[in-house]
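S.K.: So here's query.cif, just mmCIF, C-alpha atoms:
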data_final
loop_
_atom_site.label_atom_id
_atom_site.label_comp_id
_atom_site.auth_asym_id
_atom_site.auth_seq_id
_atom_site.Cartn_x
_atom_site.Cartn_y
_atom_site.Cartn_z
CA MET A 22 118.21 41.42 -33.65
CA SER A 23 119.22 37.76 -33.67
CA TRP A 24 122.94 37.89 -32.86
CA SER A 25 122.97 34.18 -33.65
CA TRP A 26 126.69 34.16 -34.49
CA LEU A 27 127.53 35.25 -30.93
CA ASN A 28 125.90 32.10 -29.61
CA GLU A 29 127.95 29.96 -31.99
CA VAL A 30 131.43 31.24 -31.14
CA ARG A 31 133.59 28.33 -30.03
CA GLY A 32 135.49 28.77 -26.77
CA ALA A 33 133.35 31.72 -25.64
CA GLY A 34 132.83 30.29 -22.16
CA LEU A 35 131.68 32.79 -19.55
CA LEU A 36 132.11 35.70 -21.98
CA GLN A 37 129.10 34.65 -24.03
CA ALA A 38 126.25 35.84 -21.78
CA PRO A 39 127.65 39.36 -21.06
CA ALA A 40 128.60 39.72 -24.74
CA VAL A 41 125.06 38.97 -25.94
CA GLU A 42 123.53 41.20 -23.27
CA PHE A 43 125.87 44.06 -24.27
CA ALA A 44 125.12 43.63 -27.97
CA GLU A 45 121.38 43.78 -27.44
CA ARG A 46 121.57 46.72 -25.01
CA GLN A 47 124.27 48.91 -26.58
CA ILE A 48 124.27 48.03 -30.29
CA GLY A 49 120.79 46.86 -31.26
CA PRO A 50 120.27 45.13 -34.62
CA ASP A 51 122.94 42.59 -35.54
CA PRO A 52 125.25 44.00 -38.25
CA GLY A 53 126.99 40.65 -38.69
CA ALA A 54 130.32 39.24 -37.50
CA GLY A 55 133.78 40.50 -38.39
CA ALA A 56 134.37 44.07 -39.55
CA PRO A 57 130.69 45.16 -39.21
CA ALA A 58 130.65 44.01 -35.57
CA LEU A 59 133.93 45.83 -34.90
CA LEU A 60 132.59 49.05 -36.42
CA ALA A 61 129.37 48.77 -34.40
CA LEU A 62 131.42 48.29 -31.24
CA ALA A 63 133.53 51.37 -32.02
CA ARG A 64 130.37 53.44 -32.46
CA ALA A 65 128.99 52.18 -29.15
CA ILE A 66 132.26 53.10 -27.40
CA ASP A 67 132.28 56.60 -28.91
CA ALA A 68 128.65 57.11 -27.92
CA PHE A 69 129.26 56.02 -24.34
CA ALA A 70 132.44 58.08 -24.03
CA SER A 71 130.57 61.22 -25.09
CA GLY A 72 128.16 60.86 -22.16
CA GLU A 73 128.49 61.33 -18.40
CA GLY A 74 128.28 57.78 -17.11
CA SER A 75 129.08 56.95 -13.49
CA ALA A 76 132.02 54.78 -12.46
CA GLN A 77 129.65 51.83 -11.99
CA GLU A 78 128.11 52.36 -15.44
CA GLU A 79 131.56 52.52 -17.01
CA ALA A 80 132.62 49.31 -15.25
CA ARG A 81 129.48 47.57 -16.56
CA PHE A 82 130.14 48.92 -20.05
CA VAL A 83 133.76 47.70 -20.04
CA GLU A 84 132.68 44.27 -18.82
CA GLY A 85 130.12 43.87 -21.60
CA ALA A 86 132.13 45.51 -24.37
CA GLY A 87 135.25 43.53 -23.43
CA ALA A 88 133.32 40.26 -23.55
CA PHE A 89 131.82 41.27 -26.92
CA PHE A 90 135.24 42.20 -28.34
CA GLY A 91 136.66 38.91 -27.06
CA LEU A 92 134.01 36.98 -29.00
CA VAL A 93 134.62 39.08 -32.11
CA LEU A 94 138.29 38.07 -31.93
CA LEU A 95 137.50 34.40 -31.30
CA ALA A 96 135.09 34.30 -34.24
CA HIS A 97 137.63 36.09 -36.44
CA THR A 98 140.66 33.92 -35.66
CA GLY A 99 138.77 30.65 -35.24
CA ASP A 100 141.26 29.18 -32.77
CA GLY A 101 141.12 30.08 -29.10
CA GLU A 102 139.07 30.26 -25.94
CA HIS A 103 138.20 32.37 -22.94
CA VAL A 104 140.51 31.54 -20.03
CA SER A 105 140.45 32.70 -16.42
CA ARG A 106 143.00 32.42 -13.63
CA GLU A 107 142.64 33.77 -10.11
CA GLY A 108 139.73 35.98 -11.19
CA VAL A 109 141.49 37.47 -14.24
CA ASN A 110 140.04 36.98 -17.70
CA ARG A 111 141.97 36.68 -20.94
CA VAL A 112 141.36 35.32 -24.44
CA ARG A 113 143.81 32.72 -25.68
CA LEU A 114 144.41 32.81 -29.43
CA GLY A 115 146.36 30.03 -31.11
CA ARG A 116 148.52 27.81 -28.92
CA ALA A 117 150.36 30.46 -26.95
CA GLY A 118 148.89 33.88 -27.76
CA PHE A 119 146.91 35.95 -25.26
CA VAL A 120 144.98 39.21 -25.43
CA ASP A 121 143.15 41.31 -22.85
CA PRO A 122 139.97 42.54 -24.57
CA PHE A 123 138.92 44.56 -21.52
CA ALA A 124 142.14 46.59 -21.54
CA ALA A 125 141.51 47.36 -25.22
CA ILE A 126 138.05 48.71 -24.38
CA GLU A 127 139.41 50.86 -21.54
CA ARG A 128 142.02 52.29 -23.90
CA ALA A 129 139.38 52.93 -26.58
CA LEU A 130 137.29 54.86 -24.04
CA ASP A 131 140.27 57.07 -23.20
CA GLU A 132 141.68 57.60 -26.69
CA ARG A 133 139.95 58.79 -29.84
CA PRO A 134 138.84 57.47 -32.22
CA ALA A 135 137.78 54.10 -30.80
CA LYS A 136 137.85 52.50 -34.26
CA ALA A 137 141.62 53.03 -34.61
CA ILE A 138 142.29 51.48 -31.20
CA LEU A 139 140.14 48.43 -31.97
CA VAL A 140 141.77 47.91 -35.37
CA GLU A 141 145.19 48.05 -33.73
CA ALA A 142 144.09 45.59 -31.03
CA THR A 143 142.66 43.26 -33.69
CA ARG A 144 145.93 43.24 -35.64
CA LEU A 145 147.78 42.38 -32.44
CA ALA A 146 145.31 39.56 -31.80
CA GLU A 147 145.86 38.22 -35.31
CA ALA A 148 149.61 38.17 -34.67
CA GLU A 149 149.13 36.35 -31.37
CA ALA A 150 146.93 33.77 -33.10
CA ARG A 151 149.60 33.22 -35.79
CA GLY A 152 152.26 32.76 -33.11
CA ASP A 153 154.28 35.89 -33.88
CA GLY A 154 152.63 38.34 -31.49
CA PRO A 155 154.75 39.61 -28.56
CA ILE A 156 153.47 37.04 -26.04
CA ALA A 157 153.15 34.00 -28.33
CA ARG A 158 156.55 34.59 -29.95
CA VAL A 159 158.42 34.54 -26.65
CA SER A 160 156.33 31.75 -25.13
CA LEU A 161 156.92 29.45 -28.12
CA ALA A 162 160.64 30.28 -28.25
CA PHE A 163 160.93 29.56 -24.53
CA GLU A 164 159.13 26.25 -25.06
CA HIS A 165 161.55 25.31 -27.82
CA ALA A 166 164.58 26.20 -25.66
CA LEU A 167 163.18 24.12 -22.81
CA SER A 168 162.89 21.04 -25.04
CA GLU A 169 166.55 21.13 -26.06
CA GLY A 170 169.61 20.13 -24.07
CA SER A 171 170.46 17.17 -21.90
CA SER A 172 167.55 17.70 -19.49
CA PRO A 173 164.53 18.62 -21.63
CA ARG A 174 161.48 19.98 -19.88
CA ALA A 175 158.05 21.20 -20.99
CA ILE A 176 155.65 24.03 -20.26
CA THR A 177 152.81 22.58 -18.19
CA ALA A 178 150.52 25.63 -18.23
CA ARG A 179 150.27 29.10 -19.76
CA PHE A 180 148.37 32.20 -18.76
CA ASP A 181 148.98 35.56 -20.37
CA ARG A 182 152.68 36.42 -19.85
CA THR A 183 153.27 33.68 -17.28
CA VAL A 184 154.24 30.10 -18.02
CA PHE A 185 154.62 27.20 -15.62
CA VAL A 186 157.25 24.48 -15.80
CA GLY A 187 155.96 22.08 -13.20
CA GLU A 188 155.99 24.06 -9.97
CA ILE A 189 158.23 26.77 -11.44
CA GLU A 190 156.48 30.00 -12.36
CA VAL A 191 158.22 32.06 -15.05
CA ASP A 192 157.17 35.63 -15.78
CA LEU A 193 158.04 36.38 -19.41
CA THR A 194 157.23 40.10 -19.19
CA ARG A 195 160.80 41.38 -19.18
CA THR A 196 161.80 39.13 -22.05
CA ILE A 197 158.74 40.16 -24.06
CA GLU A 198 159.53 43.84 -23.56
CA ALA A 199 163.22 43.36 -24.34
CA THR A 200 162.76 41.30 -27.52
CA THR A 201 159.71 42.86 -29.21
CA GLY A 202 160.93 44.07 -32.58
CA GLU A 203 164.32 42.39 -32.12
CA SER A 204 165.84 39.63 -34.28
CA GLU A 205 165.23 35.92 -33.85
CA GLY A 206 168.83 35.58 -32.72
CA THR A 207 168.29 38.07 -29.90
CA LEU A 208 165.12 36.24 -28.89
CA SER A 209 166.88 32.86 -28.93
CA ARG A 210 169.69 34.11 -26.72
CA SER A 211 167.24 35.72 -24.28
CA VAL A 212 165.07 32.64 -23.80
CA SER A 213 168.12 30.36 -23.59
CA LYS A 214 169.38 32.49 -20.73
CA LEU A 215 165.99 32.15 -19.03
CA VAL A 216 166.17 28.36 -19.33
CA GLU A 217 169.73 28.25 -18.00
CA MET A 218 168.73 30.24 -14.92
CA LEU A 219 165.69 28.13 -14.05
CA PRO A 220 165.91 26.70 -10.54
CA GLY A 221 165.30 23.08 -9.75
CA GLY A 222 166.02 21.57 -13.12
CA ARG A 223 167.09 17.96 -13.53
CA GLY A 224 170.78 17.70 -12.83
CA ARG A 225 170.83 20.87 -10.75
CA ALA A 226 169.91 20.31 -7.14
CA ILE A 227 169.16 23.35 -4.99
CA GLU A 228 171.40 23.25 -1.95
CA ARG A 229 170.17 24.37 1.46
CA ALA A 230 172.59 27.31 1.55
CA GLU A 231 171.15 28.65 -1.71
CA ALA A 232 167.58 28.06 -0.57
CA GLU A 233 168.11 29.90 2.71
CA VAL A 234 168.96 33.17 0.95
CA ARG A 235 166.32 32.83 -1.77
CA LEU A 236 163.30 31.80 0.31
CA LEU A 237 160.45 34.33 0.31
CA PRO A 238 156.78 34.11 1.34
CA ARG A 239 153.99 34.40 -1.23
CA LEU A 240 150.35 34.96 -0.25
CA VAL A 241 147.80 32.98 -2.24
CA GLY A 242 144.03 32.82 -2.22
CA PRO A 243 141.34 30.16 -2.63
CA SER A 244 141.64 30.05 -6.43
CA PHE A 245 145.34 29.17 -6.36
CA ALA A 246 145.69 26.13 -8.61
CA LEU A 247 149.20 24.71 -8.18
CA GLU A 248 148.83 23.03 -4.80
CA GLY A 249 149.83 19.35 -4.82
CA SER A 250 152.58 18.84 -2.25
CA LEU A 251 153.46 22.52 -1.98
CA VAL A 252 154.09 24.05 1.43
CA MET A 253 150.91 25.94 2.28
CA LEU A 254 150.17 27.56 5.66
CA PRO A 255 146.91 29.23 6.76
CA LEU A 256 147.13 32.96 7.54
CA ALA A 257 143.62 34.38 7.91
CA GLY A 258 140.29 33.68 6.26
CA ASP A 259 140.89 32.39 2.75
CA VAL A 260 144.50 33.63 2.59
CA ARG A 261 147.38 31.17 2.84
CA VAL A 262 151.16 31.51 2.84
CA ALA A 263 153.23 29.64 0.28
CA LEU A 264 157.01 29.65 0.02
CA VAL A 265 158.99 30.38 -3.13
CA LEU A 266 162.59 30.37 -4.20
CA ALA A 267 162.98 33.76 -5.88
CA TYR A 268 165.24 34.41 -8.84
CA ASP A 269 165.48 37.33 -11.21
CA GLY A 270 162.17 37.45 -13.09
CA ARG A 271 161.03 34.00 -12.02
CA SER A 272 160.23 31.93 -8.96
CA ARG A 273 159.65 28.35 -7.95
CA PHE A 274 157.18 27.22 -5.31
CA VAL A 275 158.61 25.14 -2.48
CA SER A 276 157.31 21.65 -1.81
CA SER A 277 157.36 19.47 1.26
CA LYS A 278 159.98 17.29 -0.47
CA ASP A 279 162.21 20.36 -0.82
CA LEU A 280 162.07 21.04 2.90
CA GLU A 281 162.81 17.40 3.59
CA ALA A 282 165.87 17.53 1.30
CA TRP A 283 167.10 20.68 3.05
CA SER A 284 166.33 19.29 6.55
CA LEU A 285 164.25 22.41 7.21
CA ALA A 286 161.16 22.46 9.40
CA VAL A 287 158.20 24.40 8.01
CA ALA A 288 158.34 26.96 10.82
CA ASP A 289 162.07 27.52 10.28
CA ALA A 290 161.59 27.90 6.52
CA LEU A 291 158.81 30.44 7.05
CA GLY A 292 160.98 32.33 9.53
CA LEU A 293 163.82 32.51 6.97
CA ALA A 294 161.41 33.65 4.27
CA VAL A 295 159.99 36.46 6.41
CA GLU A 296 163.48 37.47 7.48
CA ASN A 297 164.58 37.65 3.83
CA LEU A 298 161.48 39.70 3.03
CA GLY A 299 162.28 42.09 5.88
CA GLY A 300 165.73 42.54 4.42
CA ARG A 301 164.09 44.07 1.38
CA ALA A 302 162.10 46.56 3.47
CA LYS A 303 164.09 49.49 2.11
CA GLU A 304 162.55 48.75 -1.31
CA ALA A 305 158.98 49.07 -0.03
CA ARG A 306 156.95 52.18 -0.79
CA LEU A 307 153.99 53.21 1.35
CA THR A 308 151.70 56.01 0.15
CA ARG A 309 148.56 57.64 1.56
CA VAL A 310 145.42 57.99 -0.59
CA ASP A 311 142.18 59.81 0.33
CA ILE A 312 139.01 57.66 0.19
CA GLY A 313 135.54 58.34 1.54
CA SER A 314 135.93 60.66 4.51
CA GLY A 315 139.28 59.17 5.51
CA ALA A 316 142.51 57.82 4.08
CA MET A 317 144.02 54.55 2.88
CA CYS A 318 147.64 53.44 2.99
CA VAL A 319 148.90 51.62 -0.10
CA SER A 320 152.03 49.50 -0.43
CA ARG A 321 152.67 49.08 -4.17
CA THR A 322 156.36 48.61 -4.86
CA GLY A 323 156.19 46.56 -8.04
CA ASP A 324 158.51 43.81 -6.85
CA GLY A 325 155.78 41.18 -6.46
CA LEU A 326 156.17 41.15 -2.67
CA ASP A 327 153.75 43.81 -1.46
CA SER A 328 150.96 41.50 -0.30
CA ALA A 329 153.48 39.28 1.50
CA ARG A 330 154.66 42.31 3.51
CA LEU A 331 151.52 41.78 5.58
CA LEU A 332 153.66 39.19 7.39
CA LEU A 333 156.17 41.80 8.57
CA PRO A 334 155.61 42.93 12.18
CA SER A 335 157.50 46.13 11.39
CA LEU A 336 155.05 47.09 8.64
CA ARG A 337 152.04 46.37 10.83
CA ALA A 338 153.56 48.60 13.50
CA THR A 339 154.07 51.36 10.92
CA LEU A 340 150.45 51.07 9.75
CA ALA A 341 149.15 51.08 13.32
CA ALA A 342 151.07 54.29 14.03
CA GLU A 343 149.63 55.85 10.87
CA LEU A 344 146.03 54.61 11.11
CA GLY A 345 145.48 53.70 14.74
CA ASP A 346 145.11 50.24 16.23
CA PRO A 347 143.13 48.22 15.25
CA PHE A 348 143.03 48.97 11.52
CA LEU A 349 141.65 47.28 8.40
CA VAL A 350 143.96 45.55 5.95
CA ALA A 351 143.54 43.68 2.67
CA VAL A 352 145.63 41.91 0.03
CA PRO A 353 143.45 41.85 -3.11
CA HIS A 354 146.33 40.71 -5.28
CA ARG A 355 150.02 39.83 -5.13
CA ASP A 356 151.29 43.31 -5.95
CA VAL A 357 149.49 45.46 -3.40
CA LEU A 358 148.71 45.76 0.31
CA LEU A 359 145.91 48.11 1.37
CA ALA A 360 145.05 49.40 4.84
CA CYS A 361 142.70 51.99 6.33
CA ALA A 362 141.52 53.21 9.72
CA HIS A 363 138.82 51.19 11.50
CA GLY A 364 135.57 52.81 12.60
CA ASP A 365 134.35 55.24 9.92
CA GLY A 366 131.52 53.67 7.90
CA ALA A 367 132.00 55.70 4.71
CA THR A 368 135.73 55.08 4.64
CA GLU A 369 135.32 51.37 5.33
CA ALA A 370 132.71 51.05 2.55
CA ALA A 371 134.96 52.85 0.06
CA PHE A 372 137.85 50.66 1.17
CA ALA A 373 135.86 47.45 0.68
CA ARG A 374 134.83 48.56 -2.83
CA ARG A 375 138.44 49.28 -3.74
CA VAL A 376 139.55 45.87 -2.45
CA SER A 377 136.79 44.08 -4.38
CA ASP A 378 137.55 45.94 -7.61
CA ASP A 379 141.29 45.29 -7.33
CA ALA A 380 140.82 41.59 -6.64
CA ALA A 381 138.45 41.21 -9.61
CA ARG A 382 140.82 42.78 -12.14
CA ALA A 383 144.29 41.66 -11.07
CA PRO A 384 146.34 38.92 -12.79
CA HIS A 385 147.56 37.50 -9.43
CA ALA A 386 144.47 37.80 -7.22
CA VAL A 387 144.71 36.80 -3.56
CA SER A 388 141.53 37.75 -1.67
CA ALA A 389 138.62 40.19 -1.84
CA ARG A 390 138.14 39.95 1.94
CA VAL A 391 138.94 42.68 4.43
CA PHE A 392 140.71 41.75 7.68
CA VAL A 393 141.27 43.46 11.01
CA SER A 394 144.77 43.84 12.41
CA ASP A 395 144.35 44.23 16.16
CA HIS A 396 147.63 44.77 18.01
CA GLY A 397 149.44 42.64 15.44
CA VAL A 398 146.86 39.82 15.36
CA LEU A 399 145.14 39.32 12.00
CA GLY A 400 141.50 38.25 12.03
CA ALA A 401 138.34 38.19 9.95
CA ARG A 402 136.31 41.38 9.83
#
Write out the structure in this file as structure tokens.
M.R.:
Amino acid sequence: MSWSWLNEVRGAGLLQAPAVEFAERQIGPDPGAGAPALLALARAIDAFASGEGSAQEEARFVEGAGAFFGLVLLAHTGDGEHVSREGVNRVRLGRAGFVDPFAAIERALDERPAKAILVEATRLAEAEARGDGPIARVSLAFEHALSEGSSPRAITARFDRTVFVGEIEVDLTRTIEATTGESEGTLSRSVSKLVEMLPGGRGRAIERAEAEVRLLPRLVGPSFALEGSLVMLPLAGDVRVALVLAYDGRSRFVSSKDLEAWSLAVADALGLAVENLGGRAKEARLTRVDIGSGAMCVSRTGDGLDSARLLLPSLRATLAAELGDPFLVAVPHRDVLLACAHGDGATEAAFARRVSDDAARAPHAVSARVFVSDHGVLGAR
């Protein structure tokens, strides 16, 4: 049971230890890399799925199996690495391809047979490594479009379906979904439109009037990487408030130089951002979910602004009326705000577990901490 090839996979990073531990615990003797390893993994998934494991056991299985599958893909393609951003783990394949090996394992646990799901996921990974998978294809086309024209720019960082052009964050999800299976001409037109609509490019100054209507707050956590001269204000604990200029499908973080150019004080800019966010209140959706012996309120609208709605006094008042005052609140990632009543131990424990799990798995993590909102004042729990 040597599993020596697992210890030799280049770019394995933090996936290596859980992958080896999973292989020794769930598979046993080493069948060898490549197809034999994939078949052994499929058998392990089928065996686990046929049992009655607890939620904690399933989470541990997914963690180990996902790490193992990630290393199988890295060994198979020979070009990539484990990458992590804000607590989210992915495997980069080739220059611009990304796969989520943990999502593949979760799908294989839910759908039968596991072998078919893993083969499909492997073929997708091969395409990403070649540069013609859904993510890599769009990312590389966007990069090419950026480099052309009178004001060429470059991608400064990539993670999954998000690319960064300096301080501009571009979510490629919509373009990926719209162009998968479409012609190269359709792809070229789509990414060219993205480039044309980018804010803050050379030769296109953002005027104050435009900024005032596009400013929005964005909550970020301790692992947020693009700091530099960006506007960043403390909120509570390890949560800070950044400002962004929001466009359709993309956003640009606001720097101190931006505010200086617009003659806007930080407090005034934050006030405008919160006001603009409040103007979108009709889009917010608040639902009630039973946990422990109590209930939790969830704001998950899908517009990327749910965590930032913690800044809205009107929402805090709504939550206080629903849950009592004070109440517990958390923003585990960008796309959700969670709250529950304060005082019941079982409910609070279930709430804290939910917050921790959400923060660990999300692509835009903010904080795993739970805070207390007491008559509108946010503080550490």
S.K.: Quick one: pull the distance between atom CA of A:Cys318 and atom CA of A:Ala360, Å, one decimal.
M.R.: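 That distance, rounded to one decimal, is 5.1 Å.
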S.K.: Please indicate the distance in Å from atom CA of A:Ile126 to atom CA of A:Asp67, rounded to one decimal place.
M.R.: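 If I compute the distance from atom CA of A:Ile126 to atom CA of A:Asp67, I get 10.8 Å.
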S.K.: Could you tell me which residues the PyMOL selection byres ((chain A and resi 331) around 12) grabs in this file, written as a VMD selection string?
M.R.: chain A and resid 238 to 240 256 to 257 260 to 262 295 298 to 299 302 305 319 to 320 326 to 330 332 to 340 349 to 353 355 to 360 392 to 394 397 to 399
S.K.: So which residues get picked by the PyMOL selection byres ((chain A and resi 373) around 10) here, written as a list in words?
M.R.: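 Selected by the PyMOL selection byres ((chain A and resi 373) around 10) here: Leu349, Val350, Ala351, Cys361, Ala367, Thr368, Glu369, Ala370, Ala371, Phe372, Arg374, Arg375, Val376, Ser377, Asp378, Asp379, Ala389, Arg390 and Val391 of chain A.
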S.K.: Rank nothing, just name the residue among A:Asn110, A:Thr98, A:Asn28, A:Ser276 nearest to A:Thr143, using all atoms listed in the file.
M.R.: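 Result for the nearest residue to A:Thr143: A:Thr98.
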S.K.: For A:Thr177, which residue among A:Ile189, A:Ala129, A:Gly345, A:Leu280 is the nearest when counting only C-alpha atoms?
M.R.: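 Nearest candidate to A:Thr177 out of A:Ile189, A:Ala129, A:Gly345, A:Leu280: A:Ile189.
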S.K.: For the structure shown, which residues end up in the PyMOL selection byres ((chain A and resi 25) around 12)? Put them as a list of chain:residue names, please?
M.R.: A:Met22, A:Ser23, A:Trp24, A:Trp26, A:Leu27, A:Asn28, A:Glu29, A:Val30, A:Gln37, A:Ala40, A:Val41, A:Ala44, A:Glu45, A:Pro50, A:Asp51, A:Pro52, A:Gly53, A:Ala54
S.K.: For the residues selected in the previous step, produce a file with C-alpha atoms as a tab-separated table (two decimals), keeping the file's coordinate frame.
M.R.:
chain	number	residue	atom	x	y	z
A	22	MET	CA	118.21	41.42	-33.65
A	23	SER	CA	119.22	37.76	-33.67
A	24	TRP	CA	122.94	37.89	-32.86
A	26	TRP	CA	126.69	34.16	-34.49
A	27	LEU	CA	127.53	35.25	-30.93
A	28	ASN	CA	125.90	32.10	-29.61
A	29	GLU	CA	127.95	29.96	-31.99
A	30	VAL	CA	131.43	31.24	-31.14
A	37	GLN	CA	129.10	34.65	-24.03
A	40	ALA	CA	128.60	39.72	-24.74
A	41	VAL	CA	125.06	38.97	-25.94
A	44	ALA	CA	125.12	43.63	-27.97
A	45	GLU	CA	121.38	43.78	-27.44
A	50	PRO	CA	120.27	45.13	-34.62
A	51	ASP	CA	122.94	42.59	-35.54
A	52	PRO	CA	125.25	44.00	-38.25
A	53	GLY	CA	126.99	40.65	-38.69
A	54	ALA	CA	130.32	39.24	-37.50
S.K.: Report, in Å with one decimal, the straight-line distance from atom CA of A:Ala199 to atom CA of A:Arg158.
M.R.: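 These two atoms are separated by 12.4 Å.
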S.K.: Just checking: using only C-alpha atoms, which residue out of A:Ala88, A:Met317, A:Leu237, A:Leu215 ends up closest to A:Gly34?
M.R.: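 Ranking A:Ala88, A:Met317, A:Leu237, A:Leu215 by distance to A:Gly34, first place goes to A:Ala88.
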S.K.: Which one is closest to A:Phe245: A:Ser105, A:Gln47, A:Ser213, A:Ser168? Count only C-alpha atoms.
M.R.: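 With only C-alpha atoms as the atom set, the closest residue is A:Ser105.
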S.K.: I'd like the contact shell of A:Gly115 - 7 Å cut-off, only C-alpha atoms, skipping same-chain residues fewer than 4 positions apart - returned as number ranges by chain.
M.R.: A: 100-101, 149-152
S.K.: Would you list the residues near (162.0, 30.1, -0.9) (no more than 10 Å away, in the coordinates of the file, using all atoms listed in the file) as an mmCIF file with C-alpha atoms, keeping the file's coordinate frame?
M.R.:
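So the final result, stored in selection25.cif, reads:
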data_model
loop_
_atom_site.group_PDB
_atom_site.id
_atom_site.type_symbol
_atom_site.label_atom_id
_atom_site.label_comp_id
_atom_site.auth_asym_id
_atom_site.auth_seq_id
_atom_site.Cartn_x
_atom_site.Cartn_y
_atom_site.Cartn_z
ATOM 1 C CA GLU A 231 171.150 28.650 -1.710
ATOM 2 C CA ALA A 232 167.580 28.060 -0.570
ATOM 3 C CA GLU A 233 168.110 29.900 2.710
ATOM 4 C CA VAL A 234 168.960 33.170 0.950
ATOM 5 C CA ARG A 235 166.320 32.830 -1.770
ATOM 6 C CA LEU A 236 163.300 31.800 0.310
ATOM 7 C CA LEU A 237 160.450 34.330 0.310
ATOM 8 C CA PRO A 238 156.780 34.110 1.340
ATOM 9 C CA ARG A 239 153.990 34.400 -1.230
ATOM 10 C CA ALA A 263 153.230 29.640 0.280
ATOM 11 C CA LEU A 264 157.010 29.650 0.020
ATOM 12 C CA VAL A 265 158.990 30.380 -3.130
ATOM 13 C CA LEU A 266 162.590 30.370 -4.200
ATOM 14 C CA ALA A 267 162.980 33.760 -5.880
ATOM 15 C CA TYR A 268 165.240 34.410 -8.840
ATOM 16 C CA SER A 272 160.230 31.930 -8.960
ATOM 17 C CA ARG A 273 159.650 28.350 -7.950
ATOM 18 C CA PHE A 274 157.180 27.220 -5.310
ATOM 19 C CA VAL A 275 158.610 25.140 -2.480
ATOM 20 C CA SER A 276 157.310 21.650 -1.810
ATOM 21 C CA ASP A 279 162.210 20.360 -0.820
ATOM 22 C CA LEU A 280 162.070 21.040 2.900
ATOM 23 C CA ALA A 290 161.590 27.900 6.520
ATOM 24 C CA LEU A 291 158.810 30.440 7.050
ATOM 25 C CA LEU A 293 163.820 32.510 6.970
ATOM 26 C CA ALA A 294 161.410 33.650 4.270
ATOM 27 C CA VAL A 295 159.990 36.460 6.410
ATOM 28 C CA ASN A 297 164.580 37.650 3.830
#
S.K.: Which neighbours of stretch 200-207 of chain A fall inside 9 Å, counting only C-alpha atoms, when residues of the same chain fewer than 2 positions from it are skipped, and could you give them as JSON, numbers by chain?
M.R.: {"A": [154, 155, 158, 159, 195, 196, 197, 198, 209, 210, 211, 212]}
S.K.: Measuring between all atoms listed in the file, which one of A:Arg174, A:Arg382, A:His354, A:Arg229 shows the shortest distance to A:Trp283?
M.R.: A:Arg229
S.K.: Show which residues sit within 12 Å of A:Glu84, as a PyMOL selection string. Count all atoms listed in the file, and ignore same-chain residues fewer than 3 positions away.
M.R.: chain A and resi 35-44+77-81+87-91+110+121-127+381-382
